[in-house]
Structures are given as structure tokens and as C-alpha cells.
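Next comes query.csv, a file with CSV, C-alpha atoms.
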chain,number,residue,atom,x,y,z
A,1,MET,CA,125.2,77.9,116.1
A,2,PRO,CA,126.1,80.4,113.3
A,3,ILE,CA,125.2,79.4,109.8
A,4,MET,CA,126.7,81.6,107.1
A,5,GLN,CA,125.7,81.7,103.4
A,6,VAL,CA,128.2,83.4,101.1
A,7,HIS,CA,127.0,84.5,97.6
A,8,LEU,CA,129.9,85.0,95.2
A,9,ILE,CA,130.3,85.5,91.5
A,10,ALA,CA,131.6,82.1,90.3
A,11,GLY,CA,135.3,81.6,89.4
A,12,ARG,CA,137.2,81.2,92.7
A,13,SER,CA,139.6,78.3,93.0
A,14,GLU,CA,138.9,75.5,95.5
A,15,GLU,CA,141.9,76.5,97.5
A,16,GLN,CA,140.6,80.1,97.7
A,17,LYS,CA,137.2,79.0,98.8
A,18,ALA,CA,138.7,76.7,101.5
A,19,ARG,CA,140.6,79.7,102.8
A,20,LEU,CA,137.5,81.8,102.8
A,21,ILE,CA,135.6,79.1,104.8
A,22,GLU,CA,138.4,79.0,107.4
A,23,ALA,CA,138.7,82.7,107.7
A,24,LEU,CA,134.9,83.3,108.1
A,25,THR,CA,134.7,80.5,110.6
A,26,MET,CA,137.5,81.9,112.7
A,27,ALA,CA,136.0,85.4,112.5
A,28,ALA,CA,132.6,84.1,113.8
A,29,VAL,CA,134.2,82.0,116.5
A,30,GLU,CA,136.1,85.1,117.8
A,31,ALA,CA,133.4,87.7,117.4
A,32,LEU,CA,130.6,85.5,118.9
A,33,ASP,CA,132.6,83.3,121.2
A,34,ALA,CA,131.0,80.3,119.5
A,35,PRO,CA,132.3,76.8,119.5
A,36,ILE,CA,134.1,76.1,116.2
A,37,GLU,CA,132.3,72.8,115.7
A,38,SER,CA,128.9,74.6,115.6
A,39,VAL,CA,129.9,76.8,112.6
A,40,ARG,CA,128.6,76.1,109.1
A,41,VAL,CA,129.6,78.0,106.0
A,42,LEU,CA,127.7,77.5,102.7
A,43,ILE,CA,129.3,79.0,99.6
A,44,ASN,CA,126.9,79.8,96.7
A,45,GLU,CA,128.8,80.4,93.4
A,46,ILE,CA,126.7,82.4,91.0
A,47,PRO,CA,127.4,82.5,87.3
A,48,ALA,CA,128.3,86.0,86.1
A,49,CYS,CA,125.2,86.0,83.9
A,50,ASP,CA,123.0,85.4,86.9
A,51,PHE,CA,124.4,88.1,89.2
A,52,GLY,CA,122.9,91.5,88.6
A,53,ILE,CA,124.5,94.8,89.7
A,54,ALA,CA,122.7,98.1,89.0
A,55,GLY,CA,120.4,96.4,86.5
A,56,GLN,CA,123.1,94.7,84.4
A,57,THR,CA,124.6,91.2,84.7
A,58,ALA,CA,128.2,90.9,86.0
A,59,ARG,CA,129.0,89.4,82.6
A,60,GLN,CA,127.6,92.5,80.8
A,61,ARG,CA,129.7,94.7,83.1
A,62,GLY,CA,132.8,92.7,82.2
A,63,ARG,CA,133.4,90.5,85.2
B,1,MET,CA,102.0,78.9,102.0
B,2,PRO,CA,105.2,77.3,103.4
B,3,ILE,CA,108.3,77.6,101.3
B,4,MET,CA,111.2,75.4,102.3
B,5,GLN,CA,114.8,75.6,101.2
B,6,VAL,CA,117.0,72.5,101.9
B,7,HIS,CA,120.7,72.9,101.8
B,8,LEU,CA,122.5,69.5,101.3
B,9,ILE,CA,126.0,68.3,100.4
B,10,ALA,CA,125.7,67.3,96.8
B,11,GLY,CA,125.5,63.6,95.8
B,12,ARG,CA,122.0,62.4,96.4
B,13,SER,CA,120.1,60.5,93.7
B,14,GLU,CA,117.2,62.0,92.0
B,15,GLU,CA,115.0,59.3,93.5
B,16,GLN,CA,116.2,60.2,97.0
B,17,LYS,CA,115.6,63.9,96.5
B,18,ALA,CA,112.0,63.2,95.2
B,19,ARG,CA,111.4,61.2,98.4
B,20,LEU,CA,112.8,64.0,100.5
B,21,ILE,CA,110.5,66.5,98.8
B,22,GLU,CA,107.5,64.3,99.4
B,23,ALA,CA,108.4,63.6,103.0
B,24,LEU,CA,109.0,67.3,103.9
B,25,THR,CA,105.8,68.4,102.1
B,26,MET,CA,103.7,65.9,104.1
B,27,ALA,CA,105.4,66.9,107.3
B,28,ALA,CA,104.5,70.5,106.7
B,29,VAL,CA,101.0,69.7,105.6
B,30,GLU,CA,100.4,67.8,108.8
B,31,ALA,CA,102.2,70.0,111.3
B,32,LEU,CA,100.7,73.3,109.9
B,33,ASP,CA,97.4,72.0,108.5
B,34,ALA,CA,98.4,73.7,105.2
B,35,PRO,CA,96.9,72.8,101.8
B,36,ILE,CA,99.4,70.6,99.9
B,37,GLU,CA,99.1,72.7,96.8
B,38,SER,CA,100.6,75.6,98.6
B,39,VAL,CA,103.8,73.9,99.7
B,40,ARG,CA,107.1,74.5,97.8
B,41,VAL,CA,110.4,72.8,98.5
B,42,LEU,CA,113.7,74.0,96.9
B,43,ILE,CA,116.7,71.7,97.2
B,44,ASN,CA,120.1,73.3,97.0
B,45,GLU,CA,122.9,70.8,96.5
B,46,ILE,CA,126.2,72.2,97.6
B,47,PRO,CA,129.5,70.7,96.4
B,48,ALA,CA,131.5,69.2,99.2
B,49,CYS,CA,134.3,71.8,98.5
B,50,ASP,CA,131.8,74.6,99.2
B,51,PHE,CA,130.3,73.3,102.4
B,52,GLY,CA,132.2,74.3,105.5
B,53,ILE,CA,132.0,72.6,108.9
B,54,ALA,CA,134.1,73.7,111.8
B,55,GLY,CA,136.4,75.7,109.5
B,56,GLN,CA,137.1,72.9,107.0
B,57,THR,CA,135.3,71.9,103.8
B,58,ALA,CA,133.3,68.7,103.8
B,59,ARG,CA,135.7,67.5,101.1
B,60,GLN,CA,138.7,68.1,103.5
B,61,ARG,CA,136.8,66.2,106.2
B,62,GLY,CA,136.3,63.3,103.8
B,63,ARG,CA,132.7,63.6,102.9
C,1,MET,CA,124.2,67.9,107.2
C,2,PRO,CA,120.9,69.1,106.0
C,3,ILE,CA,120.0,72.7,106.8
C,4,MET,CA,116.4,73.7,106.2
C,5,GLN,CA,114.9,77.1,106.1
C,6,VAL,CA,111.1,77.4,106.3
C,7,HIS,CA,109.4,80.6,105.3
C,8,LEU,CA,105.9,81.0,106.8
C,9,ILE,CA,103.3,83.7,107.1
C,10,ALA,CA,103.6,84.7,110.8
C,11,GLY,CA,101.0,83.6,113.3
C,12,ARG,CA,101.8,80.0,114.3
C,13,SER,CA,102.0,79.1,118.0
C,14,GLU,CA,105.3,78.1,119.6
C,15,GLU,CA,103.9,74.6,120.1
C,16,GLN,CA,103.0,74.3,116.4
C,17,LYS,CA,106.4,75.5,115.3
C,18,ALA,CA,108.1,73.0,117.6
C,19,ARG,CA,106.0,70.2,116.1
C,20,LEU,CA,107.0,71.4,112.6
C,21,ILE,CA,110.7,71.4,113.5
C,22,GLU,CA,110.4,67.8,114.8
C,23,ALA,CA,108.4,66.6,111.8
C,24,LEU,CA,110.7,68.1,109.2
C,25,THR,CA,113.8,66.8,111.1
C,26,MET,CA,112.4,63.3,111.2
C,27,ALA,CA,111.4,63.5,107.5
C,28,ALA,CA,115.0,64.5,106.6
C,29,VAL,CA,116.5,61.8,108.8
C,30,GLU,CA,114.4,59.1,107.1
C,31,ALA,CA,114.6,60.3,103.5
C,32,LEU,CA,118.3,61.0,103.6
C,33,ASP,CA,119.5,58.5,106.3
C,34,ALA,CA,121.2,61.5,108.0
C,35,PRO,CA,122.2,61.6,111.6
C,36,ILE,CA,119.6,63.5,113.6
C,37,GLU,CA,122.3,65.6,115.4
C,38,SER,CA,123.3,67.1,112.1
C,39,VAL,CA,119.9,68.5,111.1
C,40,ARG,CA,119.1,72.2,111.5
C,41,VAL,CA,115.8,73.9,110.9
C,42,LEU,CA,115.4,77.6,110.7
C,43,ILE,CA,111.9,79.0,110.8
C,44,ASN,CA,111.4,82.5,109.2
C,45,GLU,CA,108.0,84.0,110.1
C,46,ILE,CA,107.0,86.6,107.6
C,47,PRO,CA,104.4,89.3,108.5
C,48,ALA,CA,101.3,89.0,106.2
C,49,CYS,CA,102.1,92.4,104.9
C,50,ASP,CA,105.6,91.3,103.7
C,51,PHE,CA,104.5,88.1,101.9
C,52,GLY,CA,103.4,88.6,98.3
C,53,ILE,CA,101.2,86.1,96.4
C,54,ALA,CA,100.2,86.9,92.8
C,55,GLY,CA,101.2,90.5,93.3
C,56,GLN,CA,99.2,91.2,96.5
C,57,THR,CA,100.2,90.9,100.1
C,58,ALA,CA,98.8,88.1,102.1
C,59,ARG,CA,97.2,90.8,104.3
C,60,GLN,CA,95.4,92.2,101.2
C,61,ARG,CA,94.2,88.8,100.3
C,62,GLY,CA,92.7,88.4,103.8
C,63,ARG,CA,95.2,86.0,105.4
D,1,MET,CA,120.4,98.7,99.4
D,2,PRO,CA,117.9,96.1,98.1
D,3,ILE,CA,119.3,92.6,97.5
D,4,MET,CA,117.0,90.3,95.7
D,5,GLN,CA,117.3,86.5,95.3
D,6,VAL,CA,115.1,84.9,92.6
D,7,HIS,CA,114.5,81.2,92.6
D,8,LEU,CA,113.5,79.8,89.2
D,9,ILE,CA,113.2,76.4,87.7
D,10,ALA,CA,116.2,76.1,85.4
D,11,GLY,CA,116.0,76.6,81.7
D,12,ARG,CA,115.8,80.3,80.9
D,13,SER,CA,118.0,81.8,78.3
D,14,GLU,CA,120.8,84.1,79.3
D,15,GLU,CA,119.0,86.9,77.4
D,16,GLN,CA,115.8,86.3,79.3
D,17,LYS,CA,117.6,86.3,82.7
D,18,ALA,CA,119.3,89.6,81.7
D,19,ARG,CA,115.9,91.1,81.0
D,20,LEU,CA,114.6,89.8,84.3
D,21,ILE,CA,117.5,91.4,86.2
D,22,GLU,CA,116.9,94.7,84.5
D,23,ALA,CA,113.1,94.6,85.1
D,24,LEU,CA,113.4,93.7,88.7
D,25,THR,CA,116.1,96.3,89.3
D,26,MET,CA,113.9,99.1,87.7
D,27,ALA,CA,110.9,97.9,89.7
D,28,ALA,CA,112.9,98.2,93.0
D,29,VAL,CA,114.3,101.6,92.0
D,30,GLU,CA,110.9,103.0,91.3
D,31,ALA,CA,109.0,101.4,94.2
D,32,LEU,CA,111.7,102.2,96.8
D,33,ASP,CA,113.3,105.3,95.4
D,34,ALA,CA,116.6,103.5,95.7
D,35,PRO,CA,119.8,104.4,93.8
D,36,ILE,CA,120.2,101.9,91.0
D,37,GLU,CA,123.9,101.3,91.8
D,38,SER,CA,122.8,99.9,95.2
D,39,VAL,CA,120.6,97.1,93.8
D,40,ARG,CA,121.7,93.5,93.6
D,41,VAL,CA,119.8,90.6,91.9
D,42,LEU,CA,120.9,87.0,92.4
D,43,ILE,CA,119.3,84.4,90.2
D,44,ASN,CA,119.2,80.9,91.5
D,45,GLU,CA,118.3,78.4,88.8
D,46,ILE,CA,117.0,75.2,90.3
D,47,PRO,CA,116.9,71.9,88.3
D,48,ALA,CA,113.3,70.6,87.8
D,49,CYS,CA,114.2,67.5,89.8
D,50,ASP,CA,115.1,69.7,92.8
D,51,PHE,CA,112.0,72.0,92.8
D,52,GLY,CA,109.0,70.5,94.7
D,53,ILE,CA,105.4,71.6,94.2
D,54,ALA,CA,102.7,70.0,96.2
D,55,GLY,CA,104.9,67.1,97.1
D,56,GLN,CA,106.2,66.3,93.6
D,57,THR,CA,109.2,67.5,91.7
D,58,ALA,CA,108.6,69.9,88.8
D,59,ARG,CA,110.0,67.1,86.6
D,60,GLN,CA,107.4,64.6,87.8
D,61,ARG,CA,104.8,67.2,87.1
D,62,GLY,CA,106.0,67.6,83.6
D,63,ARG,CA,107.8,70.9,83.7
E,1,MET,CA,130.8,91.3,95.3
E,2,PRO,CA,130.4,88.9,98.3
E,3,ILE,CA,127.1,89.0,100.0
E,4,MET,CA,127.0,87.1,103.3
E,5,GLN,CA,123.9,86.1,105.3
E,6,VAL,CA,124.5,85.0,108.9
E,7,HIS,CA,121.8,83.1,110.8
E,8,LEU,CA,122.2,83.3,114.6
E,9,ILE,CA,120.1,82.5,117.6
E,10,ALA,CA,118.8,85.8,118.8
E,11,GLY,CA,120.3,87.6,121.8
E,12,ARG,CA,123.6,89.2,120.7
E,13,SER,CA,124.3,92.8,121.6
E,14,GLU,CA,124.4,95.4,119.0
E,15,GLU,CA,128.1,95.9,119.7
E,16,GLN,CA,128.8,92.2,119.3
E,17,LYS,CA,126.9,92.1,115.9
E,18,ALA,CA,128.9,95.2,114.7
E,19,ARG,CA,132.1,93.4,115.6
E,20,LEU,CA,130.9,90.3,113.7
E,21,ILE,CA,130.1,92.4,110.6
E,22,GLU,CA,133.5,94.0,110.7
E,23,ALA,CA,135.3,90.7,111.3
E,24,LEU,CA,133.5,88.8,108.5
E,25,THR,CA,134.0,91.7,106.1
E,26,MET,CA,137.7,91.7,106.7
E,27,ALA,CA,137.9,87.9,106.4
E,28,ALA,CA,136.2,88.1,103.0
E,29,VAL,CA,138.3,91.0,101.8
E,30,GLU,CA,141.5,89.1,102.7
E,31,ALA,CA,140.5,85.7,101.5
E,32,LEU,CA,139.0,86.9,98.2
E,33,ASP,CA,141.0,90.0,97.6
E,34,ALA,CA,137.7,91.8,97.2
E,35,PRO,CA,137.2,95.6,97.5
E,36,ILE,CA,135.8,96.3,101.0
E,37,GLU,CA,133.1,98.6,99.5
E,38,SER,CA,131.6,95.6,97.7
E,39,VAL,CA,131.0,93.5,100.8
E,40,ARG,CA,127.5,93.1,102.3
E,41,VAL,CA,126.7,91.2,105.5
E,42,LEU,CA,123.1,90.5,106.5
E,43,ILE,CA,122.5,89.3,110.0
E,44,ASN,CA,119.4,87.2,110.6
E,45,GLU,CA,118.6,86.8,114.3
E,46,ILE,CA,116.3,83.8,114.9
E,47,PRO,CA,114.3,83.4,118.1
E,48,ALA,CA,115.4,80.3,120.1
E,49,CYS,CA,111.9,78.9,119.6
E,50,ASP,CA,112.4,79.1,115.8
E,51,PHE,CA,115.8,77.4,115.6
E,52,GLY,CA,115.8,73.7,115.4
E,53,ILE,CA,118.7,71.4,116.3
E,54,ALA,CA,118.4,67.7,116.1
E,55,GLY,CA,114.6,67.9,116.1
E,56,GLN,CA,114.2,70.2,119.1
E,57,THR,CA,114.1,74.0,119.3
E,58,ALA,CA,117.0,75.8,120.8
E,59,ARG,CA,114.7,76.9,123.6
E,60,GLN,CA,113.8,73.3,124.4
E,61,ARG,CA,117.5,72.5,124.5
E,62,GLY,CA,118.0,75.3,127.0
E,63,ARG,CA,119.7,78.0,124.9
F,1,MET,CA,107.1,79.4,89.7
F,2,PRO,CA,109.4,82.4,90.6
F,3,ILE,CA,110.0,82.9,94.3
F,4,MET,CA,111.7,86.2,95.2
F,5,GLN,CA,113.3,87.2,98.4
F,6,VAL,CA,114.0,90.9,98.9
F,7,HIS,CA,116.4,92.0,101.7
F,8,LEU,CA,115.9,95.6,102.7
F,9,ILE,CA,117.0,97.9,105.5
F,10,ALA,CA,113.9,98.2,107.8
F,11,GLY,CA,111.8,101.3,107.7
F,12,ARG,CA,109.5,101.1,104.6
F,13,SER,CA,105.8,101.8,105.0
F,14,GLU,CA,103.3,99.0,104.5
F,15,GLU,CA,102.0,100.8,101.4
F,16,GLN,CA,105.5,101.1,99.9
F,17,LYS,CA,106.1,97.4,100.5
F,18,ALA,CA,102.8,96.5,98.9
F,19,ARG,CA,103.8,98.6,95.8
F,20,LEU,CA,107.2,96.8,95.7
F,21,ILE,CA,105.5,93.4,95.8
F,22,GLU,CA,103.2,94.4,93.0
F,23,ALA,CA,106.0,95.9,90.9
F,24,LEU,CA,108.4,93.0,91.3
F,25,THR,CA,105.6,90.5,90.5
F,26,MET,CA,104.6,92.3,87.3
F,27,ALA,CA,108.3,92.5,86.3
F,28,ALA,CA,108.7,88.8,86.7
F,29,VAL,CA,105.5,88.0,84.9
F,30,GLU,CA,106.5,90.1,81.9
F,31,ALA,CA,110.2,89.1,81.8
F,32,LEU,CA,109.5,85.4,82.3
F,33,ASP,CA,106.0,85.0,80.8
F,34,ALA,CA,105.1,83.4,84.1
F,35,PRO,CA,101.5,83.1,85.4
F,36,ILE,CA,100.9,85.7,88.0
F,37,GLU,CA,99.3,83.2,90.4
F,38,SER,CA,102.6,81.3,90.6
F,39,VAL,CA,104.7,84.3,91.8
F,40,ARG,CA,105.8,84.7,95.4
F,41,VAL,CA,107.6,87.7,97.0
F,42,LEU,CA,109.1,87.5,100.5
F,43,ILE,CA,110.3,90.8,102.0
F,44,ASN,CA,112.9,90.5,104.7
F,45,GLU,CA,113.3,93.8,106.6
F,46,ILE,CA,116.7,94.0,108.3
F,47,PRO,CA,117.3,96.4,111.2
F,48,ALA,CA,120.0,98.9,110.3
F,49,CYS,CA,122.2,97.5,113.0
F,50,ASP,CA,122.1,94.1,111.3
F,51,PHE,CA,122.9,95.2,107.8
F,52,GLY,CA,126.6,95.5,107.1
F,53,ILE,CA,128.1,97.6,104.2
F,54,ALA,CA,131.8,97.8,103.8
F,55,GLY,CA,132.4,96.5,107.3
F,56,GLN,CA,130.1,98.9,109.1
F,57,THR,CA,126.5,98.6,110.0
F,58,ALA,CA,124.0,100.8,108.1
F,59,ARG,CA,123.3,102.4,111.5
F,60,GLN,CA,126.9,103.4,111.9
F,61,ARG,CA,126.9,104.8,108.4
F,62,GLY,CA,123.9,106.9,109.3
F,63,ARG,CA,121.1,105.1,107.5
Could you render the structure as C-alpha cells?
Amino acid sequence: MPIMQVHLIAGRSEEQKARLIEALTMAAVEALDAPIESVRVLINEIPACDFGIAGQTARQRGR
Amino acid sequence: MPIMQVHLIAGRSEEQKARLIEALTMAAVEALDAPIESVRVLINEIPACDFGIAGQTARQRGR
Amino acid sequence: MPIMQVHLIAGRSEEQKARLIEALTMAAVEALDAPIESVRVLINEIPACDFGIAGQTARQRGR
Amino acid sequence: MPIMQVHLIAGRSEEQKARLIEALTMAAVEALDAPIESVRVLINEIPACDFGIAGQTARQRGR
Amino acid sequence: MPIMQVHLIAGRSEEQKARLIEALTMAAVEALDAPIESVRVLINEIPACDFGIAGQTARQRGR
Amino acid sequence: MPIMQVHLIAGRSEEQKARLIEALTMAAVEALDAPIESVRVLINEIPACDFGIAGQTARQRGR
């Protein structure tokens, strides 16, 4: 019953996020021998001004 | 001091979410004998393209 | 597909947590008209020394 | 390697959130003696209609 | 800068969790074209009595 | 009403965590002009074998 939350700086395409969901799901299925139907992935896109790295926002750092 | 986070596929009405907050709060108050003032509920609405089930997005699955 | 995380100060009995899971699930089913099979509840018990309220730990506050 | 998530009712300015990220980062660096480069802060702004306090939304309570 | 949290019912071996961390990291690196050094994975093992599925604990359901 | 979750590799003393809670709370109070009574800090200590950095566990990396 793995539930995964993924926190990303916003800006990925819908296609890229769909690939990420598929890839993470398959990785969990294989590593844990879990049934695929039981896997959940929740993507959390975070605006660059709300993501802090080393005390600065990702926006301030130029991302 | 229960703090609840609820992850949902986006699309609920504001009225429905207010009912959810009230219902979850009362459930916690009764099950835990907690003071109502101490309960927090944080709703996290997730776009259907960011919610993965069994390796596909909820949007791909038609939700 | 509601997924709920509940953060509590540690110390509840297993029976009380089972009642909480049942009560929160039914509240979500009714408020959201969601199928019961789709509901997940994850309880996170936090030691009193790791739960801060108003700048003090719950242990320091006597809980 | 501290990773901090901060849940706030939405409505802060970008400048205020940048100050918050800097202040939380410095607090973690000092309290934990952690290298600043290793600190992450993720701000989660929650609409007032999705933030429940004592069974009501923050919007219903007038915030 | 992907940060992943994985919520699992407790009981995996340390070796299995290390494989999961490696597999999820590689999946994120490939799907997002992210630098491997930037990836974090946080595993949260949840006791079977604290993980609710369809209103029952995983322990009650026999897992 | 700021709620902060802090994810750390396990191993800090209770005194150090209490200082962290106090420091993060004061940082949030000052940066957000929030009432101190409304601030919550939840520390989540993660075993070194469950914390992944760059595809390896913190334990594998020697932390």
C-alpha cells in the first residue's frame, strides 16, 4: 500500500509528470513486490518563490 | 492537538469542503476526546493530472 | 480517493486509534460521497518531546 | 539535512515568504549545527476555505 | 530538487528499503532529468495498527 | 496559524530538539507577525536507513 508524495519546483509539463508517476510506481512495485493497484503518487508542485534552498528561494537562486 | 491533512483530487465545492472539515473535526473530537479548539484540518486539493493511481494519473483514468 | 494523515501526540491505545480510523473514514465517505474502499488514513504518533506548541514541547507543557 | 514544510493560510507576500525561508533556515542551522546548503524549506499556502480550525474554515472564521 | 516521502506499512527489511530508495531516485532522475545529488527520499514506516484502509486498520485486515 | 513539519535524520538530543522548536517558532512569529500561541512544530526523526540522499541511505553514506 505505498503512498508517495513528491515535492517539486513547479514548471513540469503534464506529460513529464505522467511519466514520473509511471516510473515511480513501477519502481515501488519492483522494489517492494507491491500490487500496482495499491500504489498512489501525489505530486506537489511548489512555486519557485515558495521553495527554499540554503536560505534563499529557488526564484532568488535563478530557478 | 490533532492535525489532519486531507489529500483529495481537486474539484469539490467550497460548501462540500466545509462540511468535510466539520465532519472530520467532530469525528476526531469524539474518538479522541480532544477539545474542538485544538483540532486543525488542512485540505490539499490535487489536480487530477498530479494524482497517480496504479501508475496512471487520475486524469488518464477519466476522473 | 481521499488520503488522510493524522498527527497526534503519542499515547493513544490501539483501540482508540482503530475507532479514530473508522470515524474519520465514515466522515469522509459521507461528506464526499466517496467509496469506502478508496479511503486511506495514516496515523502519525509524535512523541511529546517532538511536538511544539507556542514554542515549547508538549512535554514541557505537561502533556 | 533538515527538510521543513510550512503550512500557512494563503495571502503572504513573496517578500514575507522569502524572509520566512531565511529565518527558518538560520534557526535550523543554529539549533542543529547543520550546514546551510543542506536545508530545504517548502511553503504550502492553503486557501482560507481549505484550512479548518475548530471545525470551521478560516474563511468562515473571518480570516 | 525532488523530495519524495514514501508511506509504507512497517515491516520491510533495511536492504529492501535501500533498494527502494535507489529505485525511486533513479526513476526521478530519469523522468525529470534531475541531478542525482538533489534527490531526497524519506521513508515513513507506519505500524499496521496505524494504517487505515476502508475504515479498518491494516492489522485488523490481517496485514 | 503556521504549522511546521521538520524532517531530520534521527539522533538529536531532546534538549537540542526543544531548542529547535523554540527557534523555529520565534522565527515564524517574527517573519509572519503571527501570535505565538498559534504556532505548531512537528519534528519527524527519520532513521538513517530510511533517509535517502542521492540514491543511497544516510547510513550507507556514513551518517
Next item on the list: Please determine the contact residues of chain E with respect to chain A at a cut-off of 9 Å, counting only C-alpha atoms, and supply them as a ChimeraX atom specification.
Entry: /E:1-9,12,16-17,19-21,23-28,30-32
Chain E on chain B, least-squares, complete ordered Cα pairing, as a compact mmCIF listing (two decimals) with C-alpha atoms, in the coordinates of the input:
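Below is the file that was written, selection_37.txt:
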# COMPACT_ATOMS: atom_id res chain seq x y z
CA MET E 1 102.06 78.97 102.07
CA PRO E 2 105.25 77.26 103.41
CA ILE E 3 108.27 77.58 101.27
CA MET E 4 111.17 75.35 102.34
CA GLN E 5 114.80 75.57 101.17
CA VAL E 6 116.99 72.54 101.93
CA HIS E 7 120.79 72.83 101.74
CA LEU E 8 122.54 69.46 101.29
CA ILE E 9 125.98 68.29 100.38
CA ALA E 10 125.75 67.25 96.79
CA GLY E 11 125.51 63.59 95.75
CA ARG E 12 121.93 62.40 96.42
CA SER E 13 120.09 60.49 93.73
CA GLU E 14 117.21 61.98 92.00
CA GLU E 15 114.96 59.35 93.55
CA GLN E 16 116.23 60.14 97.03
CA LYS E 17 115.61 63.95 96.51
CA ALA E 18 112.03 63.19 95.24
CA ARG E 19 111.42 61.17 98.37
CA LEU E 20 112.76 64.05 100.50
CA ILE E 21 110.45 66.55 98.74
CA GLU E 22 107.47 64.31 99.31
CA ALA E 23 108.39 63.61 102.94
CA LEU E 24 108.98 67.28 103.87
CA THR E 25 105.80 68.34 102.08
CA MET E 26 103.76 65.90 104.06
CA ALA E 27 105.46 66.89 107.33
CA ALA E 28 104.55 70.53 106.67
CA VAL E 29 101.01 69.76 105.62
CA GLU E 30 100.45 67.76 108.84
CA ALA E 31 102.21 70.04 111.23
CA LEU E 32 100.71 73.26 109.85
CA ASP E 33 97.46 72.01 108.50
CA ALA E 34 98.42 73.67 105.24
CA PRO E 35 96.91 72.84 101.80
CA ILE E 36 99.39 70.55 99.99
CA GLU E 37 99.08 72.68 96.80
CA SER E 38 100.62 75.62 98.66
CA VAL E 39 103.84 73.86 99.64
CA ARG E 40 107.13 74.56 97.83
CA VAL E 41 110.43 72.79 98.52
CA LEU E 42 113.67 74.02 96.96
CA ILE E 43 116.63 71.73 97.14
CA ASN E 44 120.07 73.34 97.06
CA GLU E 45 122.85 70.82 96.46
CA ILE E 46 126.24 72.21 97.56
CA PRO E 47 129.52 70.73 96.35
CA ALA E 48 131.55 69.20 99.24
CA CYS E 49 134.26 71.77 98.51
CA ASP E 50 131.72 74.58 99.13
CA PHE E 51 130.32 73.33 102.44
CA GLY E 52 132.15 74.32 105.51
CA ILE E 53 131.99 72.57 108.89
CA ALA E 54 134.02 73.73 111.78
CA GLY E 55 136.36 75.68 109.51
CA GLN E 56 137.08 72.92 107.00
CA THR E 57 135.26 71.95 103.80
CA ALA E 58 133.28 68.79 103.73
CA ARG E 59 135.74 67.46 101.18
CA GLN E 60 138.66 68.08 103.53
CA ARG E 61 136.75 66.23 106.23
CA GLY E 62 136.35 63.29 103.88
CA ARG E 63 132.67 63.52 102.89
Check: What is the distance between atom CA of Ala34 of chain D and atom CA of Ala54 of chain A, in Å to one decimal?
Finding: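 Here the two named atoms are 10.5 Å from each other.
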Contacts of Gln60 of chain B at 9 Å (only C-alpha atoms; same-chain gap of 3+ positions) as a JSON list (two decimals) with C-alpha atoms, in the frame of the given file:
[["chain", "number", "residue", "atom", "x", "y", "z"],
["A", 18, "ALA", "CA", 138.70, 76.70, 101.50],
["B", 48, "ALA", "CA", 131.50, 69.20, 99.20],
["B", 49, "CYS", "CA", 134.30, 71.80, 98.50],
["B", 56, "GLN", "CA", 137.10, 72.90, 107.00],
["B", 57, "THR", "CA", 135.30, 71.90, 103.80],
["B", 63, "ARG", "CA", 132.70, 63.60, 102.90]]
Checklist line | d(atom CA of Asp50 of chain F, atom CA of Ser13 of chain A) in Å | finding: 29.8 Å
Notebook entry, point to check: What is the atom CA of Gly11 of chain E to atom CA of Gly11 of chain C distance in Å?
Noted result: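 Computing the Euclidean distance for atom CA of Gly11 of chain E and atom CA of Gly11 of chain C yields 21.5 Å.
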